[in-house]
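Text of upload06.cif, listed as mmCIF, C-alpha atoms and all ligand atoms:
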data_data
loop_
_atom_site.group_PDB
_atom_site.id
_atom_site.type_symbol
_atom_site.label_atom_id
_atom_site.label_comp_id
_atom_site.auth_asym_id
_atom_site.auth_seq_id
_atom_site.Cartn_x
_atom_site.Cartn_y
_atom_site.Cartn_z
ATOM 1 C CA MET A 263 58.862 -60.762 -78.460
ATOM 2 C CA PHE A 264 61.314 -58.143 -79.801
ATOM 3 C CA GLU A 265 62.510 -60.601 -82.458
ATOM 4 C CA LYS A 266 58.892 -61.115 -83.552
ATOM 5 C CA LEU A 267 58.305 -57.356 -83.753
ATOM 6 C CA LYS A 268 61.496 -56.826 -85.777
ATOM 7 C CA LYS A 269 60.350 -59.441 -88.244
ATOM 8 C CA HIS A 270 56.750 -58.245 -88.304
ATOM 9 C CA TRP A 271 57.707 -54.645 -89.016
ATOM 10 C CA GLY A 272 60.755 -55.456 -91.135
ATOM 11 C CA VAL A 273 63.113 -53.287 -89.060
ATOM 12 C CA ASN A 274 66.468 -53.750 -87.350
ATOM 13 C CA GLY A 275 67.117 -53.520 -83.592
ATOM 14 C CA PHE A 276 68.117 -49.841 -83.672
ATOM 15 C CA ASN A 277 64.993 -48.767 -85.565
ATOM 16 C CA LEU A 278 62.805 -50.947 -83.341
ATOM 17 C CA THR A 279 64.113 -49.038 -80.291
ATOM 18 C CA LEU A 280 63.325 -45.697 -81.951
ATOM 19 C CA ILE A 281 59.849 -46.929 -82.940
ATOM 20 C CA LEU A 282 59.065 -48.075 -79.378
ATOM 21 C CA ILE A 283 60.306 -44.734 -77.988
ATOM 22 C CA THR A 284 58.095 -42.934 -80.526
ATOM 23 C CA PHE A 285 55.077 -44.993 -79.413
ATOM 24 C CA ALA A 286 55.768 -44.136 -75.767
ATOM 25 C CA CYS A 287 56.416 -40.407 -76.334
ATOM 26 C CA GLY A 288 53.542 -40.068 -78.827
ATOM 27 C CA GLY A 289 51.165 -41.743 -76.339
ATOM 28 C CA SER A 290 52.247 -39.448 -73.485
ATOM 29 C CA LEU A 291 52.036 -36.364 -75.687
ATOM 30 C CA CYS A 292 48.511 -37.110 -76.824
ATOM 31 C CA GLY A 293 47.391 -37.963 -73.239
ATOM 32 C CA TYR A 294 48.817 -34.635 -72.065
ATOM 33 C CA ALA A 295 47.231 -32.676 -74.938
ATOM 34 C CA ALA A 296 43.835 -34.360 -74.354
ATOM 35 C CA ARG A 297 43.870 -33.440 -70.638
ATOM 36 C CA LYS A 298 44.807 -29.841 -71.488
ATOM 37 C CA LEU A 299 41.946 -29.620 -74.007
ATOM 38 C CA LEU A 300 39.475 -30.998 -71.477
ATOM 39 C CA THR A 301 40.351 -28.251 -69.007
ATOM 40 C CA LEU A 302 38.926 -25.839 -71.584
ATOM 41 C CA ILE A 303 35.445 -27.394 -71.342
ATOM 42 C CA ASN A 304 34.401 -27.358 -67.751
ATOM 43 C CA ILE A 305 33.218 -30.906 -67.020
ATOM 44 C CA ASP A 306 33.636 -32.718 -63.705
ATOM 45 C CA LYS A 307 35.755 -35.832 -63.797
ATOM 46 C CA GLY A 308 33.343 -38.699 -64.206
ATOM 47 C CA PHE A 309 31.955 -41.014 -66.865
ATOM 48 C CA ILE A 310 31.290 -38.281 -69.483
ATOM 49 C CA TRP A 311 34.762 -36.782 -68.873
ATOM 50 C CA LEU A 312 36.339 -40.222 -69.382
ATOM 51 C CA LEU A 313 34.334 -40.791 -72.550
ATOM 52 C CA ILE A 314 35.372 -37.438 -74.055
ATOM 53 C CA TYR A 315 38.964 -38.025 -72.906
ATOM 54 C CA LEU A 316 39.135 -41.415 -74.656
ATOM 55 C CA LEU A 317 37.600 -39.969 -77.800
ATOM 56 C CA THR A 318 40.043 -37.049 -77.829
ATOM 57 C CA VAL A 319 43.008 -39.380 -77.253
ATOM 58 C CA THR A 320 41.896 -41.584 -80.167
ATOM 59 C CA ILE A 321 41.623 -38.575 -82.478
ATOM 60 C CA LEU A 322 44.895 -36.985 -81.344
ATOM 61 C CA TRP A 323 47.007 -40.157 -81.247
ATOM 62 C CA PRO A 324 47.885 -40.408 -84.982
ATOM 63 C CA PHE A 325 48.925 -36.732 -85.088
ATOM 64 C CA ALA A 326 50.965 -37.063 -81.891
ATOM 65 C CA VAL A 327 52.930 -40.144 -83.032
ATOM 66 C CA LEU A 328 53.518 -38.640 -86.481
ATOM 67 C CA MET A 329 54.904 -35.466 -84.896
ATOM 68 C CA VAL A 330 57.171 -37.386 -82.524
ATOM 69 C CA SER A 331 58.235 -39.773 -85.297
ATOM 70 C CA ILE A 332 59.777 -36.870 -87.228
ATOM 71 C CA ALA A 333 62.105 -36.152 -84.295
ATOM 72 C CA PHE A 334 63.184 -39.817 -84.165
ATOM 73 C CA GLY A 335 63.545 -40.189 -87.938
ATOM 74 C CA GLN A 336 60.683 -42.739 -88.083
ATOM 75 C CA PHE A 337 58.138 -40.736 -90.100
ATOM 76 C CA ASN A 338 58.033 -43.174 -93.023
ATOM 77 C CA PHE A 339 57.454 -46.129 -90.722
ATOM 78 C CA PHE A 340 54.560 -44.440 -88.914
ATOM 79 C CA LYS A 341 53.025 -43.143 -92.126
ATOM 80 C CA GLY A 342 52.910 -46.758 -93.363
ATOM 81 C CA TYR A 343 51.726 -48.035 -89.983
ATOM 82 C CA LEU A 344 48.804 -45.601 -89.786
ATOM 83 C CA LYS A 345 47.878 -46.355 -93.370
ATOM 84 C CA LYS A 346 47.744 -50.050 -92.520
ATOM 85 C CA ILE A 347 45.465 -49.395 -89.518
ATOM 86 C CA LYS A 348 43.193 -47.198 -91.666
ATOM 87 C CA LYS A 349 42.963 -49.919 -94.316
ATOM 88 C CA ARG A 350 42.111 -52.560 -91.710
ATOM 89 C CA MET A 351 39.437 -50.392 -90.131
ATOM 90 C CA SER A 352 37.817 -49.542 -93.442
ATOM 91 C CA GLY A 353 37.998 -53.166 -94.612
ATOM 92 C CA GLN A 354 39.722 -51.896 -97.749
ATOM 93 C CA LYS A 355 41.747 -54.528 -99.662
ATOM 94 C CA SER A 356 45.448 -53.775 -99.949
ATOM 95 C CA THR A 357 46.978 -52.915 -103.291
ATOM 96 C CA LEU A 358 49.343 -55.642 -104.460
ATOM 97 C CA HIS A 359 52.919 -54.526 -104.967
ATOM 98 C CA SER A 360 54.480 -55.745 -108.162
ATOM 99 C CA VAL A 361 57.607 -57.766 -107.364
ATOM 100 C CA ALA A 362 60.444 -59.125 -109.507
ATOM 101 C CA ILE A 363 62.575 -61.946 -108.123
ATOM 102 C CA PHE A 364 66.179 -62.093 -109.342
ATOM 103 C CA ALA A 365 67.705 -65.578 -109.128
ATOM 104 C CA SER A 366 70.622 -67.422 -110.726
ATOM 105 C CA GLY A 367 70.196 -70.995 -109.493
ATOM 106 C CA ALA A 368 67.780 -73.666 -108.321
ATOM 107 C CA GLY A 369 65.265 -71.104 -107.082
ATOM 108 C CA SER A 370 63.995 -72.838 -103.940
ATOM 109 C CA ASN A 371 63.592 -69.448 -102.240
ATOM 110 C CA ALA A 372 61.823 -68.011 -105.272
ATOM 111 C CA GLU A 373 59.435 -70.970 -105.185
ATOM 112 C CA LYS A 374 58.602 -70.475 -101.483
ATOM 113 C CA ILE A 375 57.948 -66.779 -102.089
ATOM 114 C CA ILE A 376 55.663 -67.583 -105.029
ATOM 115 C CA GLN A 377 53.821 -70.208 -102.967
ATOM 116 C CA GLN A 378 53.297 -67.711 -100.140
ATOM 117 C CA MET A 379 51.902 -65.230 -102.669
ATOM 118 C CA GLU A 380 49.509 -67.849 -104.063
ATOM 119 C CA ILE A 381 48.255 -68.929 -100.627
ATOM 120 C CA ALA A 382 47.734 -65.302 -99.573
ATOM 121 C CA ALA A 383 45.916 -64.488 -102.826
ATOM 122 C CA LYS A 384 43.513 -67.423 -102.289
ATOM 123 C CA ALA A 385 42.770 -66.138 -98.798
ATOM 124 C CA GLY A 386 42.197 -62.621 -100.210
ATOM 125 C CA LYS A 387 45.179 -61.368 -98.201
ATOM 126 C CA GLY A 388 48.771 -60.661 -99.141
ATOM 127 C CA SER A 389 50.661 -57.601 -100.158
ATOM 128 C CA PHE A 390 52.504 -58.523 -103.339
ATOM 129 C CA LYS A 391 52.396 -60.290 -106.656
ATOM 130 C CA VAL A 392 55.454 -61.841 -108.271
ATOM 131 C CA ASP A 393 55.156 -60.545 -111.826
ATOM 132 C CA LEU A 394 58.601 -61.380 -113.117
ATOM 133 C CA ILE A 395 61.547 -63.727 -112.607
ATOM 134 C CA VAL A 396 64.826 -62.206 -113.726
ATOM 135 C CA CYS A 397 67.626 -64.668 -114.398
ATOM 136 C CA ASN A 398 71.150 -64.531 -115.826
ATOM 137 C CA LYS A 399 71.518 -68.253 -116.578
ATOM 138 C CA PRO A 400 69.506 -70.027 -119.320
ATOM 139 C CA THR A 401 69.848 -73.414 -117.533
ATOM 140 C CA ALA A 402 68.825 -72.219 -114.056
ATOM 141 C CA GLY A 403 66.154 -74.277 -112.265
ATOM 142 C CA VAL A 404 64.290 -71.108 -111.316
ATOM 143 C CA LEU A 405 63.142 -70.765 -114.947
ATOM 144 C CA SER A 406 61.149 -74.024 -114.728
ATOM 145 C CA ILE A 407 59.635 -72.832 -111.454
ATOM 146 C CA ALA A 408 58.537 -69.623 -113.201
ATOM 147 C CA ALA A 409 57.026 -71.679 -116.045
ATOM 148 C CA ASN A 410 55.161 -73.960 -113.578
ATOM 149 C CA HIS A 411 53.594 -70.908 -111.942
ATOM 150 C CA GLN A 412 52.957 -69.039 -115.231
ATOM 151 C CA ILE A 413 55.217 -66.161 -114.280
ATOM 152 C CA ASP A 414 56.994 -64.092 -116.950
ATOM 153 C CA THR A 415 60.766 -64.417 -117.160
ATOM 154 C CA LEU A 416 63.493 -62.073 -118.318
ATOM 155 C CA LEU A 417 66.863 -63.539 -119.251
ATOM 156 C CA ILE A 418 69.425 -60.815 -118.828
ATOM 157 C CA GLU A 419 72.753 -60.259 -120.491
ATOM 158 C CA LYS A 420 75.886 -59.242 -118.561
ATOM 159 C CA GLU A 421 77.034 -56.221 -120.576
ATOM 160 C CA GLN A 422 73.651 -54.512 -120.560
ATOM 161 C CA PHE A 423 73.082 -55.334 -116.900
ATOM 162 C CA LEU A 424 76.423 -54.151 -115.544
ATOM 163 C CA ASN A 425 77.332 -51.390 -117.990
ATOM 164 C CA GLY A 426 73.944 -50.378 -119.380
ATOM 165 C CA ASP A 427 71.035 -49.248 -117.235
ATOM 166 C CA GLY A 428 70.781 -52.493 -115.231
ATOM 167 C CA TYR A 429 67.470 -53.155 -117.048
ATOM 168 C CA ALA A 430 65.940 -50.355 -114.939
ATOM 169 C CA THR A 431 63.986 -48.986 -117.918
ATOM 170 C CA GLU A 432 62.508 -52.388 -118.723
ATOM 171 C CA LEU A 433 61.625 -53.139 -115.099
ATOM 172 C CA THR A 434 59.941 -49.794 -114.476
ATOM 173 C CA ALA A 435 58.097 -50.058 -117.804
ATOM 174 C CA ARG A 436 56.711 -53.404 -116.612
ATOM 175 C CA GLY A 437 55.496 -51.704 -113.424
ATOM 176 C CA ILE A 438 57.887 -53.553 -111.091
ATOM 177 C CA GLU A 439 57.935 -51.784 -107.708
ATOM 178 C CA PHE A 440 60.103 -54.026 -105.572
ATOM 179 C CA ILE A 441 63.046 -56.343 -106.278
ATOM 180 C CA VAL A 442 63.838 -59.464 -104.287
ATOM 181 C CA LEU A 443 67.227 -61.119 -104.757
ATOM 182 C CA ALA A 444 67.056 -64.849 -104.048
ATOM 183 C CA GLY A 445 70.383 -66.447 -104.877
ATOM 184 C CA PHE A 446 71.272 -63.887 -107.545
ATOM 185 C CA LEU A 447 75.011 -63.823 -108.094
ATOM 186 C CA TRP A 448 75.775 -60.665 -110.079
ATOM 187 C CA LYS A 449 76.442 -57.409 -108.279
ATOM 188 C CA ILE A 450 73.528 -54.981 -108.597
ATOM 189 C CA PRO A 451 74.647 -51.919 -110.599
ATOM 190 C CA VAL A 452 74.282 -48.432 -109.153
ATOM 191 C CA THR A 453 71.812 -47.396 -111.889
ATOM 192 C CA LEU A 454 69.366 -50.062 -110.729
ATOM 193 C CA ILE A 455 69.868 -49.204 -107.050
ATOM 194 C CA LYS A 456 69.147 -45.548 -107.861
ATOM 195 C CA ALA A 457 66.035 -46.510 -109.815
ATOM 196 C CA TYR A 458 64.805 -48.581 -106.831
ATOM 197 C CA PRO A 459 65.996 -46.773 -103.696
ATOM 198 C CA ASN A 460 65.266 -48.914 -100.592
ATOM 199 C CA ASN A 461 63.278 -51.219 -102.817
ATOM 200 C CA ILE A 462 65.807 -53.999 -103.395
ATOM 201 C CA ILE A 463 66.436 -56.630 -100.754
ATOM 202 C CA ASN A 464 68.736 -59.647 -100.621
ATOM 203 C CA ILE A 465 69.081 -62.809 -98.581
ATOM 204 C CA HIS A 466 72.542 -63.969 -97.547
ATOM 205 C CA PRO A 467 73.231 -67.445 -96.113
ATOM 206 C CA ALA A 468 75.269 -66.267 -93.077
ATOM 207 C CA LEU A 469 75.146 -63.791 -90.245
ATOM 208 C CA LEU A 470 76.415 -60.599 -91.875
ATOM 209 C CA PRO A 471 78.653 -58.650 -91.530
ATOM 210 C CA LYS A 472 80.685 -61.869 -91.244
ATOM 211 C CA TYR A 473 81.136 -64.138 -94.271
ATOM 212 C CA GLY A 474 79.871 -61.683 -96.873
ATOM 213 C CA GLY A 475 81.444 -59.842 -99.775
ATOM 214 C CA LYS A 476 82.612 -60.643 -103.281
ATOM 215 C CA GLY A 477 82.775 -64.373 -104.054
ATOM 216 C CA MET A 478 80.888 -65.330 -100.886
ATOM 217 C CA TYR A 479 77.871 -67.264 -102.066
ATOM 218 C CA GLY A 480 76.254 -70.663 -101.574
ATOM 219 C CA ASP A 481 78.562 -73.421 -100.306
ATOM 220 C CA LYS A 482 81.609 -71.110 -100.212
ATOM 221 C CA VAL A 483 79.959 -69.290 -97.321
ATOM 222 C CA HIS A 484 79.240 -72.531 -95.446
ATOM 223 C CA GLN A 485 82.788 -73.817 -96.029
ATOM 224 C CA ALA A 486 84.206 -70.591 -94.550
ATOM 225 C CA VAL A 487 81.854 -70.756 -91.536
ATOM 226 C CA ILE A 488 82.844 -74.365 -90.790
ATOM 227 C CA ALA A 489 86.570 -73.720 -91.375
ATOM 228 C CA ALA A 490 86.441 -70.851 -88.866
ATOM 229 C CA GLY A 491 84.956 -73.213 -86.235
ATOM 230 C CA GLU A 492 81.821 -71.094 -85.750
ATOM 231 C CA LYS A 493 79.249 -72.501 -83.327
ATOM 232 C CA GLU A 494 76.371 -70.746 -85.068
ATOM 233 C CA SER A 495 75.426 -69.476 -88.489
ATOM 234 C CA GLY A 496 72.195 -68.184 -89.954
ATOM 235 C CA ILE A 497 70.549 -65.956 -92.502
ATOM 236 C CA THR A 498 70.534 -62.205 -93.095
ATOM 237 C CA ILE A 499 67.886 -60.301 -95.026
ATOM 238 C CA HIS A 500 69.101 -56.819 -95.897
ATOM 239 C CA TYR A 501 68.592 -53.849 -98.191
ATOM 240 C CA VAL A 502 70.935 -53.718 -101.165
ATOM 241 C CA ASP A 503 73.376 -50.861 -101.524
ATOM 242 C CA GLU A 504 76.424 -50.244 -103.714
ATOM 243 C CA LEU A 505 78.609 -52.721 -101.796
ATOM 244 C CA TYR A 506 78.341 -56.524 -101.700
ATOM 245 C CA ASP A 507 76.258 -57.807 -98.748
ATOM 246 C CA HIS A 508 76.432 -54.449 -97.016
ATOM 247 C CA GLY A 509 73.075 -52.577 -96.839
ATOM 248 C CA ASN A 510 70.951 -52.120 -93.705
ATOM 249 C CA ILE A 511 69.961 -55.366 -92.043
ATOM 250 C CA ILE A 512 66.237 -56.068 -91.863
ATOM 251 C CA PHE A 513 66.188 -59.490 -90.266
ATOM 252 C CA GLN A 514 68.490 -62.274 -89.049
ATOM 253 C CA ALA A 515 67.813 -65.796 -87.777
ATOM 254 C CA LYS A 516 70.354 -68.246 -86.366
ATOM 255 C CA CYS A 517 71.009 -71.970 -86.361
ATOM 256 C CA ARG A 518 73.609 -74.163 -84.625
ATOM 257 C CA VAL A 519 76.692 -75.384 -86.441
ATOM 258 C CA ASP A 520 77.492 -78.872 -85.135
ATOM 259 C CA GLU A 521 80.931 -80.453 -85.239
ATOM 260 C CA LYS A 522 79.735 -83.058 -87.718
ATOM 261 C CA ASP A 523 78.207 -80.478 -90.081
ATOM 262 C CA SER A 524 79.508 -80.401 -93.662
ATOM 263 C CA PRO A 525 78.854 -77.500 -96.058
ATOM 264 C CA SER A 526 75.922 -79.445 -97.495
ATOM 265 C CA THR A 527 74.241 -80.270 -94.141
ATOM 266 C CA LEU A 528 74.730 -76.653 -93.054
ATOM 267 C CA ALA A 529 73.270 -75.501 -96.386
ATOM 268 C CA GLN A 530 70.157 -77.590 -95.628
ATOM 269 C CA LYS A 531 69.712 -75.926 -92.232
ATOM 270 C CA ILE A 532 70.190 -72.510 -93.803
ATOM 271 C CA HIS A 533 67.738 -73.233 -96.602
ATOM 272 C CA GLN A 534 65.174 -74.278 -94.015
ATOM 273 C CA LEU A 535 65.581 -70.944 -92.216
ATOM 274 C CA GLU A 536 65.400 -69.038 -95.494
ATOM 275 C CA HIS A 537 62.201 -70.767 -96.568
ATOM 276 C CA GLN A 538 60.646 -70.233 -93.160
ATOM 277 C CA HIS A 539 61.392 -66.497 -92.972
ATOM 278 C CA TYR A 540 62.027 -64.858 -96.364
ATOM 279 C CA PRO A 541 58.435 -64.935 -97.722
ATOM 280 C CA GLU A 542 57.041 -63.609 -94.439
ATOM 281 C CA VAL A 543 59.603 -60.808 -94.138
ATOM 282 C CA ILE A 544 58.824 -59.693 -97.711
ATOM 283 C CA ASP A 545 55.091 -59.746 -97.002
ATOM 284 C CA ASN A 546 55.492 -57.788 -93.756
ATOM 285 C CA LEU A 547 57.699 -55.188 -95.425
ATOM 286 C CA LEU A 548 55.274 -54.663 -98.285
ATOM 287 C CA GLN A 549 52.187 -54.596 -96.051
ATOM 288 C CA MET A 550 53.646 -51.435 -94.549
ATOM 289 C CA ARG A 551 54.383 -49.721 -97.827
ATOM 290 C CA LYS A 552 52.424 -47.407 -99.961
ATOM 291 C CA SER A 553 51.847 -48.645 -103.500
ATOM 292 C CA ARG A 554 53.340 -46.272 -106.062
HETATM 293 C C1 LIG B 601 70.447 -69.205 -100.921
HETATM 294 O O1 LIG B 601 70.942 -69.968 -99.864
HETATM 295 C C2 LIG B 601 70.867 -67.769 -100.795
HETATM 296 O O2 LIG B 601 70.998 -67.354 -99.466
HETATM 297 C C3 LIG B 601 72.213 -67.771 -101.467
HETATM 298 O O3 LIG B 601 72.029 -68.603 -102.584
HETATM 299 C C4 LIG B 601 71.107 -69.631 -102.252
HETATM 300 C C5 LIG B 601 70.096 -69.747 -103.372
HETATM 301 O O4 LIG B 601 69.316 -70.894 -103.179
HETATM 302 N N1 LIG B 601 72.606 -66.455 -101.833
HETATM 303 C C6 LIG B 601 73.869 -66.048 -101.761
HETATM 304 O O5 LIG B 601 74.786 -66.780 -101.442
HETATM 305 C C7 LIG B 601 74.085 -64.580 -102.126
HETATM 306 N N2 LIG B 601 75.345 -64.139 -101.669
HETATM 307 P P1 LIG B 601 67.995 -71.113 -104.023
HETATM 308 O O6 LIG B 601 68.366 -70.912 -105.504
HETATM 309 O O7 LIG B 601 67.600 -72.523 -103.755
HETATM 310 O O8 LIG B 601 66.970 -70.135 -103.572
#

Transcribe the structure of this file into structure tokens.
Ligand code: GAR
Amino acid sequence: MFEKLKKHWGVNGFNLTLILITFACGGSLCGYAARKLLTLINIDKGFIWLLIYLLTVTILWPFAVLMVSIAFGQFNFFKGYLKKIKKRMSGQKSTLHSVAIFASGAGSNAEKIIQQMEIAAKAGKGSFKVDLIVCNKPTAGVLSIAANHQIDTLLIEKEQFLNGDGYATELTARGIEFIVLAGFLWKIPVTLIKAYPNNIINIHPALLPKYGGKGMYGDKVHQAVIAAGEKESGITIHYVDELYDHGNIIFQAKCRVDEKDSPSTLAQKIHQLEHQHYPEVIDNLLQMRKSR
């Protein structure tokens, strides 16, 4: 159940604990405040009292959790959470966040994310739209995927990316709000991270903090996992910061490593996990966010 909540809310274990504590304290606080208020109007405890109590609790609850959330450093989460409830209750359609996917290779993850977006759009649901595929390799398979789905592409050049502004000006001018790395092999420059604070996420094909860092990508990761005799591996979805494979972890899922596994059979298991979880984690994260 906790794993499901972590994935649903796009938070790590530590933040989940703080969120659950906030729910509990916020609930108690608003129950206490409602009872205190009801002592001011002299009504006997009975059906009417209960009705007014429930009404008061419902009105006070958002204020109580928001207040408590400040103390636990969870204000942004609860602001997004309450916004989501308000939208659901008013039947209002959510604003679609504009997403760019950065990829350097085959693009199987990019394709799954695009498919999820298309299915959600048909159902009138969903939280994001993939508006751009950013790629550093003219022969990468992800470019054909973009063409098949009529998505714009941007082929980037190393010098401008690493020593210029990281294409931040171009991305913001196109209205991109959120960046998803899906097998993108260049380090993200600080200028781009600063232009998109907490709005760039990555997927890594191992259980970070192990088997991450410079040069650890694709099969190299699986070779290292097998060589170390690990019994399990998995995927990590995390925010991107200035260091390789280092930012706050949002979600992890595990799989077994069998004795007969080779880097390619392990890669298949990992890809399966990635395809199963990455699109959903992105959707859940963006459902909670306010569109800029
Ligand atoms: C994925 O397995 C992803 O985790 C990995 O590259 C693969 C891309 O596959 N990323 C890294 O290794 C980053 N350090 P795809 O092109 O089929 O989506």

Exercise on ligand LIG 601 (chain B), axis-aligned box with 5 Å per side, report centre and edge lengths in Å to one decimal, as lines of an AutoDock Vina configuration file:
center_x = 71.2
center_y = -68.3
center_z = -102.5
size_x = 18.4
size_y = 18.4
size_z = 16.0

Rows by chain and residue number, range 424-472 of chain A within 8 Å of range 337-360 of chain A, shortest pair, only C-alpha atoms, as a Markdown table:
| residue | atom | partner | partner_atom | distance |
| --- | --- | --- | --- | --- |
| A:Gly437 | CA | A:Ser360 | CA | 6.7 |
| A:Ile438 | CA | A:Ser360 | CA | 5.0 |
| A:Glu439 | CA | A:Ser360 | CA | 5.3 |
| A:Phe440 | CA | A:Ser360 | CA | 6.4 |

Point to revise | All residues 8 Å or closer to range 378-380 of chain A, only C-alpha atoms, same chain fewer than 6 positions away omitted, as a list in words | key: Gly388, Phe390, Lys391, Val392, Pro541 and Glu542 of chain A

Practice item. Starting from the displayed file, determine the output of the PyMOL selection byres (((chain A and resi 444-456) around 9) and not hetatm) and express the residue list as number ranges by chain. Key: A: 363-372, 397-398, 420, 423-430, 442-443, 457-466, 476-477, 479-480, 502-506

Review point. The PyMOL selection byres (((chain A and resi 326-330) around 7) and not hetatm) on the file shown: which residues, as a ChimeraX atom specification?
Key: /A:284-285,287-288,291-292,322-325,331-334,337,340

Practice item. Between CA of Glu265 in chain A and CA of Leu278 in chain A, measure the distance and give it in Å to one decimal. Key: 9.7 Å

Exercise for review: For CA of Arg297 in chain A and CA of Thr320 in chain A, determine how far apart the two atoms are, in Å to one decimal place.
Suggested key: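 CA of Thr320 in chain A lies 12.7 Å from CA of Arg297 in chain A.
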
Exercise for review: To one decimal in Å, tell me the separation between CA of Leu547 in chain A and CA of His270 in chain A.
Suggested key: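 Spanning CA of Leu547 in chain A to CA of His270 in chain A is a straight-line distance of 7.8 Å.
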
**Study point:** Near-Ile413 in chain A list (8 Å; all atoms listed in the file; drop same-chain fewer than 5 positions) as a list in words
**Key:** Val392, Asp393, Leu394, Ile395 and Ala408 of chain A

Would you mind exporting the chosen residues as a PDB file, in the coordinates of the input, restricted to C-alpha atoms?
ATOM      1  CA  VAL A 392      55.454 -61.841-108.271  1.00  0.00           C
ATOM      2  CA  ASP A 393      55.156 -60.545-111.826  1.00  0.00           C
ATOM      3  CA  LEU A 394      58.601 -61.380-113.117  1.00  0.00           C
ATOM      4  CA  ILE A 395      61.547 -63.727-112.607  1.00  0.00           C
ATOM      5  CA  ALA A 408      58.537 -69.623-113.201  1.00  0.00           C
TER       6      ALA A 408
END

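Comparing the minimum interatomic distances between Pro525 in chain A and each of A:Lys482, A:His411, A:Lys266, A:Lys472, counting only C-alpha atoms, we find that A:Lys482 sits nearest.
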
Check your understanding: Got a sec to resolve the PyMOL selection byres (((chain A and resi 539) around 10) and not hetatm) on this structure and send the residues as a ChimeraX atom specification?
Key -> /A:269,371,374-375,497,499,513-515,533-538,540-544

Point to revise | Proximity to ligand LIG 601 (chain B) - best of A:Arg551, A:Lys522, A:Lys493, A:His484, all atoms listed in the file | key: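 Among the listed residues, A:His484 lies closest to ligand LIG 601 (chain B).
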
Exercise for review: Measuring atom to atom with all atoms listed in the file, identify which of A:Leu417, A:Ala402, A:Cys517, A:Val361 is nearest to ligand LIG 601 (chain B).
Suggested key: A:Ala402

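Distances to ligand LIG 601 (chain B) were evaluated for A:Ile512, A:Leu316, A:Ile488, A:Ile407 using all atoms listed in the file, and the minimum falls at A:Ile407.
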